[in-house]
Each structure stands twice: as structure tokens, then as C-alpha cells.
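A short worksheet on the structure shown next.
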Amino acid sequence: MVVCETAGMDRAAQSDALAQASRARLFRALSELQRPAGTAELAELLGLHPNGVRAHLERLADAGLVVREREHRPRGRPRDSWSIDPTAGPGADPPRAYADLSRWLVRDLAARKKRWKDVESTGREVGRELAAEDEAGSPEERMHRALATLGFRPERSLTRDGRLDYTLANCPYRDAVRENQPVVCALHRGLTRGLLDGISASTQLTAFVPHDPDLAGCLIQVEGPLADEVTERSAAADATSRPTP
């Protein structure tokens, strides 16, 4: 009986650790690498600050999801190397656990009959937190990287009137969308607004168009500083590529 209770507590601790988006992404990245990786490598891979990554990894280690090894070097401080804990149960599989958590949360939100406006507000708070975790690079680079590290595989394009389109080639929330698409899309719309709040508050979200999650192709369209940055970057690239007279 004690063993069962302990196992239940372990699973609860693991689910709680993976509930935070950056920790879930770190765990997924380590699982996909299938080898130990250093803090700096993981930080670069996900576009996050090494100090924040180290704190997230320590939390995952406390939950029994990853293990840390100290790699002693001839010079300098020992280097931390992280890998998936081989004793982590099957419930700790990163994509599955994250997908299940999303579906459960959506089911709970639907049961509570929360208004879409409230759901979007929650997503907006999450988006602001994600924006604050990564401050490297230009605003548009940060926005694109945030969407990419969340698993959306964004593709940039400019419209004729100078707006910027992000076409999302993947839906990482497809399982949750099947539970309740309006709730998930409201949460995602709020998350997008929160990212804009934290990265480029002057940029306006002009369109948010959901699509079938299995086909992907959802559209995020913005106008303002982020679109201007891509326009300037494109013009500079065109000028460089023109042959010299």
C-alpha cells in the first residue's frame, strides 16, 4: 500500500513539473536527443537563458525525470550533463504527458463552463511569462523563436499591404483541440497576445485564423513593428543580392 501511494506521489510530482511549458520543452528535447546534454547546449537549442534552463532542469531532477552528472575537466569548473532518468515511468513520456495534460485541462475548463474571454485571459498571462524567459535577439526573432520552440513550426510571409503572416505548419495541441477546439483556440489566441505584449506591445494582432489541427496551417497576422522589421530585413537582403552595375 505504501508503495502504491509513493508511486502516485511520484507521478503527481512529475506531472506538476511538466505542467510548466519550458520544463516540458526541455524534457522533450532531452528525450529526442537520446543522449546527455549540457546546460549551455540545451539553452541554445531552445533559445533560453542558461540560468533559467539550469533552474528548470533542477526542478525536473527533483521530480525524478532527469539526472545530472558532473563532468570534471582538467581546467575550470565541473560541467553539468543532463539526461533522462532511466527510472522515470512510462507516464513521464514528454509528448504524451504534455498532450494528456492539455486534454485534461481543456476538459476541466469545459466542465467549469468558463467563458472564452476568461480562457483567453489565462493564455495571455502565460504568453507574457514565456516572452520574459527569452530576451535574446531582435523582437521579431524572439516572436518567431517563441512560436517555433512551442512546436508550431511558423513560416513567415509578408502581405501586399505590409502585414506579417505566421503560418503555423504544425499544431502541437491537436489532441486537446479534438476535445474542445474553441477552448484551445481561445487559449492559443490569448497566448499569442501575451507574447506580443511582452515582445512588441505596439504590434497589433490583426488576424487569428484556426484550421483543422491535423492539417495545420493556422494563421497569425500582425501589423506594426514586427512586420516593419521583416520588411526592412527583406529589403536589405534584396539590395545585397542585386548585381553591381
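Letters for chains follow the order of the C-alpha cells (A, B, ...), residue numbers begin at 1 for each chain, and ligand numbers begin at 1 in the order shown.
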If we count only C-alpha atoms, what is near Leu187 of chain A at a cut-off of 10 Å, once residues fewer than 5 positions away on the same chain are taken out, given as a PDB file with C-alpha atoms, in the first residue's frame?
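selection_16.pdb written:
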```
ATOM      1  CA  VAL A 106      -9.334  21.569 -21.623  1.00  0.00           C
ATOM      2  CA  TRP A 116     -13.819  32.083 -23.659  1.00  0.00           C
ATOM      3  CA  LYS A 117     -12.794  35.580 -22.581  1.00  0.00           C
ATOM      4  CA  ASP A 118     -11.516  34.152 -19.273  1.00  0.00           C
ATOM      5  CA  VAL A 119      -9.681  31.341 -21.062  1.00  0.00           C
ATOM      6  CA  GLU A 120      -8.033  33.839 -23.410  1.00  0.00           C
ATOM      7  CA  SER A 121      -7.019  35.972 -20.440  1.00  0.00           C
ATOM      8  CA  THR A 122      -5.283  32.965 -18.874  1.00  0.00           C
ATOM      9  CA  GLY A 123      -3.438  32.283 -22.116  1.00  0.00           C
ATOM     10  CA  ARG A 124      -2.361  35.910 -22.279  1.00  0.00           C
ATOM     11  CA  VAL A 126       1.146  32.536 -19.948  1.00  0.00           C
ATOM     12  CA  GLY A 127       2.306  34.281 -23.122  1.00  0.00           C
ATOM     13  CA  GLN A 181     -11.355  23.352 -30.320  1.00  0.00           C
ATOM     14  CA  PRO A 182     -13.000  26.667 -29.257  1.00  0.00           C
ATOM     15  CA  THR A 192      -0.248  34.955 -28.867  1.00  0.00           C
ATOM     16  CA  ARG A 193      -1.469  38.269 -27.488  1.00  0.00           C
TER      17      ARG A 193
END
```
Excluding same-chain residues fewer than 4 positions from segment 204-209 of chain A, what lies within 8 Å of it counting only C-alpha atoms, as a short mmCIF file (atom, residue, chain, number, x, y, z; two decimals) with N, CA and C atoms, in the first residue's frame?
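Produced file around_33.cif, reproduced below:
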```cif
data_model
loop_
_atom_site.label_atom_id
_atom_site.label_comp_id
_atom_site.auth_asym_id
_atom_site.auth_seq_id
_atom_site.Cartn_x
_atom_site.Cartn_y
_atom_site.Cartn_z
N ARG A 189 -4.99 31.94 -28.75
CA ARG A 189 -5.11 33.35 -29.14
C ARG A 189 -4.61 34.25 -28.01
N ARG A 193 -1.38 36.87 -27.94
CA ARG A 193 -1.47 38.27 -27.49
C ARG A 193 -0.48 38.54 -26.35
N LEU A 196 2.98 38.99 -27.73
CA LEU A 196 3.10 40.33 -28.31
C LEU A 196 3.22 41.39 -27.22
N CYS A 218 -2.78 27.07 -39.33
CA CYS A 218 -3.39 28.20 -38.63
C CYS A 218 -2.60 29.47 -38.95
N LEU A 219 -3.32 30.60 -38.99
CA LEU A 219 -2.70 31.86 -39.39
C LEU A 219 -2.71 32.87 -38.25
N ILE A 220 -1.53 33.45 -38.01
CA ILE A 220 -1.40 34.60 -37.11
C ILE A 220 -0.92 35.76 -37.97
N GLN A 221 -1.67 36.86 -37.98
CA GLN A 221 -1.28 38.01 -38.79
C GLN A 221 -1.13 39.23 -37.88
N VAL A 222 -0.03 39.97 -38.08
CA VAL A 222 0.23 41.15 -37.25
C VAL A 222 0.64 42.32 -38.14
N GLU A 223 0.47 43.52 -37.58
CA GLU A 223 0.97 44.71 -38.25
C GLU A 223 1.62 45.62 -37.21
N GLY A 224 2.62 46.39 -37.66
CA GLY A 224 3.35 47.25 -36.73
C GLY A 224 4.83 46.93 -36.74
#
```
Closest of A:Pro225, A:Gly190, A:Gly137, A:Pro210 to Gly162 of chain A, counting only C-alpha atoms, is A:Pro225
So which residues touch Leu60 of chain A within 8 Å, counting only C-alpha atoms, skipping near sequence neighbours fewer than 4 positions away, as a PyMOL selection string? chain A and resi 14+17-18+23+27+56+64-66
Dump as a short mmCIF file (atom, residue, chain, number, x, y, z; two decimals), in the first residue's frame, selection limited to N, CA and C atoms:
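Output contents, as saved in part_9.cif:
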```cif
data_model
loop_
_atom_site.label_atom_id
_atom_site.label_comp_id
_atom_site.auth_asym_id
_atom_site.auth_seq_id
_atom_site.Cartn_x
_atom_site.Cartn_y
_atom_site.Cartn_z
N GLN A 14 5.81 14.47 -11.06
CA GLN A 14 6.27 14.55 -12.45
C GLN A 14 5.30 15.36 -13.29
N ALA A 17 5.75 18.98 -12.49
CA ALA A 17 6.98 19.53 -13.07
C ALA A 17 6.81 19.80 -14.56
N LEU A 18 6.11 18.90 -15.25
CA LEU A 18 5.92 19.04 -16.69
C LEU A 18 4.81 20.01 -17.06
N ARG A 23 9.76 23.66 -18.99
CA ARG A 23 10.27 22.38 -18.47
C ARG A 23 9.82 21.24 -19.37
N PHE A 27 12.37 18.69 -21.30
CA PHE A 27 12.29 17.24 -21.17
C PHE A 27 12.11 16.57 -22.53
N HIS A 56 15.20 25.08 -14.31
CA HIS A 56 14.16 24.16 -14.77
C HIS A 56 14.65 22.71 -14.70
N GLY A 64 12.38 13.50 -10.37
CA GLY A 64 12.77 12.18 -10.83
C GLY A 64 12.65 11.97 -12.32
N LEU A 65 12.69 13.07 -13.09
CA LEU A 65 12.55 12.97 -14.54
C LEU A 65 13.88 13.01 -15.27
N VAL A 66 14.85 13.73 -14.73
CA VAL A 66 16.18 13.79 -15.34
C VAL A 66 17.24 13.56 -14.27
#
```
